[in-house]
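Chemist: Right, I'll just put the structure down here and ask away after.
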Amino acid sequence: MTPQPVDSPDLWVGLPTLEHPGEDDAVLDVWEDPIPLTGRRERPAFPAHVFPAWLGEFVAAVAEETQTPADLAGSIALAVLATAAGGRSVVHVRGNWREPTNLFTVVALPPGTRKSAVFGLLTDPLYEAEKQLQAAMKPMIVEAELTARMAKEAADKATTRAASADGDKRDEMVATAIGLAQTADTLTVPAEPLLLADDCTPETVTSLIAEQGGRLSVMSDEGGIFDIIAGRYSGSPNMEVFLKGHAGGRLRVNRQTRREYVDAPALTMGLAVQPDVLVDMGKIKGGKGRGLLGRFLYSLPVSTVGDRKVITDPVPEQTAATYTARVIDLTLSLAGWTDPALIQLTPEADAALIAYQERVEPWLKSRGGKLGHIADWAGKLVGATARMAALLHLAEHGGNGYAHPVTEVTMNAAIELGEYYTAHALAVFDAMGADPVVGRARSVLEALRDNGWEDVSRRDVFTVLSRSEVPTVADLEPALALLEEHGYVRSYQPEKTGKRGRPPAPRLLAHPALRHGGR
């Protein structure tokens, strides 16, 4: 039997409906192999067609040359766009709702899948743009350093003269020295432009964001940043800058000489890691409770190892040149913005986003909502979709994208990306053990196997389970529904034995394999 996703409504197509056991012994023997509770999530391929042609072609070409899933290049490409635009543009959704255009993306693939090669091809233009920004800023830095040094020297000389001045002139010279010192203190030397950082400590990231005018991107093809966040080296988790850097919340920077505030920090993260790192992410103390895990767009593609071609087509030179030029142009055109460029939506784009929001909202219910167990992630899904729509828009129009509103077509493309990341997030959070329904379903399987039940009431199942795991019978129902969808149990309505009173409660039939030690 081919595994189907949990949401599939028709796992029982072709099987007879059971009104009660004993009706037809042949029917009762019709049991197919159950679908495993693990690995059941359907993970769609990355929809690279949603990108503008120049970007989609490059992503596809990189995937072909490196024989890697397009998910890898596609998710890194989104982080590249967010690096170019983050901190320099925001999207106005509606009313007072604005979203910055920075993103957190993470792709997980096993070792030996050429993550580093893909990472380099996608991020090289950012390093080139960084070099150009540094070259352009160098003369201003030299001038500012000289001016600051001269101001400091003038203030020091005035202080020395004031200290030795006679009574009549002393007050005047002290005032002059104070004025010069205050002027010198206001002069700052701009930092050398920096777009990208690697696996930095939270303290370093905080300082760099302050120096870089509120924006920074942490890009890495390793998972060391999560060890740092988890406090493996410092002794305690430190995720403040990552939480506020994603949301744009005011960030306080404490320096030796002064305290600074970054009003709207914009931190982008683009990571390519091994799957085990995602499991370790789920173990970061406070990672889920404080919302760190809910900020990432997760991609867990199927590895191509074993099916790769040996001889592949290289990325066409023109495709690579166009990609490089477009990324550099977008980065440089937005780099000088101090107040971020404002990206607007057309009414049609807003209507599409509203419809998507209305579709997602019921999924967030803690009971019965398919995203209820990851509501901290799913609650940010619509905002992330708006961010991706703005990035796709800027990729299409370049740095003057603020002059044109986001279209319905672009919003629908972003929604398709949102659906992709939703499917992958469900698989990732399964691996992290975030779904209590799955855990309860496994406990029910253990109870069915240990007791050898063939026909059992819900109440009897509930009685043998831990109250800490399953507080009420109502909490048991989603787990039983999941087991029924996967073919482990069947629910049936027993016949009423008398004419009066309520009908008997529904009962469960257990898969024969469970009575013989099967899973």
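Every chain in the structure tokens has a letter given in the order shown (A, B, ...), and although residue numbers restart at 1 in each chain, ligands are simply numbered from 1 in the order shown.
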Pick out the residues sitting within 9 Å of Glu222 (chain A), and hand them over as a VMD selection string; count only C-alpha atoms, and ignore anything fewer than 4 positions along from it in its own chain.
Modeler: chain A and resid 116 199 271 to 274
Chemist: Just the residues within 6 Å of region 102-112 of chain A, please, counting only C-alpha atoms, with nothing from its chain fewer than 2 positions along; format it as an MDAnalysis selection string.
Modeler: chainID A and resid 82 86 100 114 266 268:275 296:300
Chemist: I need the residues from that last selection saved to file as a compact mmCIF listing (two decimals), in the first residue's frame (with all heavy atoms), if you can.
Modeler:
# COMPACT_ATOMS: atom_id res chain seq x y z
N ALA A 82 16.47 38.24 0.77
CA ALA A 82 16.21 38.87 2.06
C ALA A 82 17.45 39.60 2.57
O ALA A 82 17.34 40.63 3.25
CB ALA A 82 15.77 37.82 3.08
N GLY A 86 16.51 43.10 3.16
CA GLY A 86 16.20 43.18 4.58
C GLY A 86 16.77 44.43 5.24
O GLY A 86 17.92 44.79 5.01
N PRO A 100 8.67 43.47 7.81
CA PRO A 100 9.99 43.66 7.22
C PRO A 100 10.25 42.55 6.20
O PRO A 100 9.51 41.57 6.13
CB PRO A 100 10.94 43.56 8.42
CG PRO A 100 10.19 42.71 9.40
CD PRO A 100 8.73 43.03 9.21
N ARG A 114 26.51 18.07 -1.27
CA ARG A 114 26.99 19.26 -1.98
C ARG A 114 26.32 20.55 -1.54
O ARG A 114 26.10 21.47 -2.34
CB ARG A 114 26.83 19.06 -3.50
CG ARG A 114 27.59 17.84 -4.01
CD ARG A 114 27.25 17.49 -5.44
NE ARG A 114 27.99 16.29 -5.85
CZ ARG A 114 27.71 15.57 -6.95
NH1 ARG A 114 26.71 15.95 -7.73
NH2 ARG A 114 28.42 14.50 -7.24
N ALA A 266 16.84 44.15 11.47
CA ALA A 266 16.40 43.19 10.45
C ALA A 266 17.51 42.17 10.26
O ALA A 266 18.50 42.44 9.59
CB ALA A 266 16.08 43.92 9.14
N THR A 268 18.57 38.48 8.86
CA THR A 268 18.24 37.37 7.95
C THR A 268 19.13 36.19 8.30
O THR A 268 20.30 36.37 8.65
CB THR A 268 18.46 37.78 6.48
OG1 THR A 268 17.41 38.67 6.09
CG2 THR A 268 18.44 36.58 5.55
N MET A 269 18.57 35.00 8.23
CA MET A 269 19.36 33.79 8.41
C MET A 269 19.08 32.84 7.25
O MET A 269 17.92 32.53 6.96
CB MET A 269 19.04 33.12 9.75
CG MET A 269 19.39 33.96 10.96
SD MET A 269 19.10 33.13 12.55
CE MET A 269 20.46 31.98 12.56
N GLY A 270 20.14 32.38 6.61
CA GLY A 270 20.04 31.40 5.54
C GLY A 270 21.00 30.26 5.84
O GLY A 270 22.21 30.45 5.77
N LEU A 271 20.46 29.10 6.19
CA LEU A 271 21.28 28.01 6.69
C LEU A 271 21.03 26.73 5.91
O LEU A 271 19.90 26.46 5.48
CB LEU A 271 20.99 27.76 8.17
CG LEU A 271 21.06 28.99 9.09
CD1 LEU A 271 20.56 28.63 10.49
CD2 LEU A 271 22.47 29.54 9.15
N ALA A 272 22.08 25.95 5.74
CA ALA A 272 21.98 24.61 5.17
C ALA A 272 22.65 23.67 6.15
O ALA A 272 23.85 23.80 6.41
CB ALA A 272 22.65 24.55 3.80
N VAL A 273 21.89 22.74 6.71
CA VAL A 273 22.38 21.93 7.81
C VAL A 273 22.08 20.45 7.56
O VAL A 273 21.39 20.09 6.60
CB VAL A 273 21.75 22.36 9.14
CG1 VAL A 273 22.02 23.83 9.41
CG2 VAL A 273 20.23 22.10 9.14
N GLN A 274 22.57 19.59 8.45
CA GLN A 274 22.22 18.18 8.41
C GLN A 274 20.90 17.96 9.16
O GLN A 274 20.58 18.70 10.10
CB GLN A 274 23.33 17.36 9.04
CG GLN A 274 24.64 17.44 8.28
CD GLN A 274 25.75 16.62 8.91
OE1 GLN A 274 25.48 15.71 9.69
NE2 GLN A 274 27.00 16.94 8.58
N PRO A 275 20.13 16.94 8.78
CA PRO A 275 18.83 16.72 9.42
C PRO A 275 18.91 16.59 10.94
O PRO A 275 17.98 17.02 11.64
CB PRO A 275 18.34 15.41 8.77
CG PRO A 275 18.98 15.42 7.41
CD PRO A 275 20.34 16.03 7.63
N PHE A 296 11.48 30.13 11.67
CA PHE A 296 12.19 29.59 10.51
C PHE A 296 11.23 29.02 9.47
O PHE A 296 10.21 28.42 9.81
CB PHE A 296 13.15 28.48 10.96
CG PHE A 296 14.42 28.98 11.57
CD1 PHE A 296 14.50 29.19 12.94
CD2 PHE A 296 15.52 29.25 10.79
CE1 PHE A 296 15.66 29.66 13.51
CE2 PHE A 296 16.70 29.72 11.36
CZ PHE A 296 16.77 29.93 12.72
N LEU A 297 11.60 29.21 8.22
CA LEU A 297 10.96 28.50 7.12
C LEU A 297 11.80 27.26 6.86
O LEU A 297 12.96 27.35 6.47
CB LEU A 297 10.90 29.38 5.87
CG LEU A 297 10.05 30.65 5.99
CD1 LEU A 297 10.18 31.51 4.74
CD2 LEU A 297 8.59 30.31 6.26
N TYR A 298 11.20 26.09 7.09
CA TYR A 298 11.94 24.83 7.06
C TYR A 298 11.79 24.13 5.71
O TYR A 298 10.70 24.09 5.14
CB TYR A 298 11.45 23.89 8.14
CG TYR A 298 11.65 24.39 9.55
CD1 TYR A 298 10.62 25.06 10.21
CD2 TYR A 298 12.85 24.21 10.22
CE1 TYR A 298 10.78 25.52 11.52
CE2 TYR A 298 13.02 24.67 11.51
CZ TYR A 298 11.98 25.33 12.15
OH TYR A 298 12.15 25.79 13.43
N SER A 299 12.89 23.54 5.25
CA SER A 299 12.85 22.73 4.05
C SER A 299 13.58 21.42 4.34
O SER A 299 14.73 21.43 4.77
CB SER A 299 13.52 23.46 2.88
OG SER A 299 13.56 22.63 1.74
N LEU A 300 12.90 20.31 4.12
CA LEU A 300 13.46 18.99 4.37
C LEU A 300 13.30 18.15 3.10
O LEU A 300 12.48 17.24 3.03
CB LEU A 300 12.75 18.33 5.56
CG LEU A 300 13.30 17.02 6.10
CD1 LEU A 300 14.71 17.19 6.62
CD2 LEU A 300 12.39 16.47 7.19
Chemist: Would you list, as a VMD selection string, the residues of region 56-263 of chain A that end up in strand (DSSP E) under DSSP run on this structure's backbone?
Modeler: chain A and resid 89 to 94 97 to 100 104 to 108 196 to 197 215 to 220 251 to 254 259 to 262
Chemist: Out of region 264-503 of chain A, which residues get alpha helix (DSSP H) from DSSP, as a PyMOL selection string?
Modeler: chain A and resi 275-281+317-335+347-360+375-378+381-397+408-432+436-451+458-463+473-485
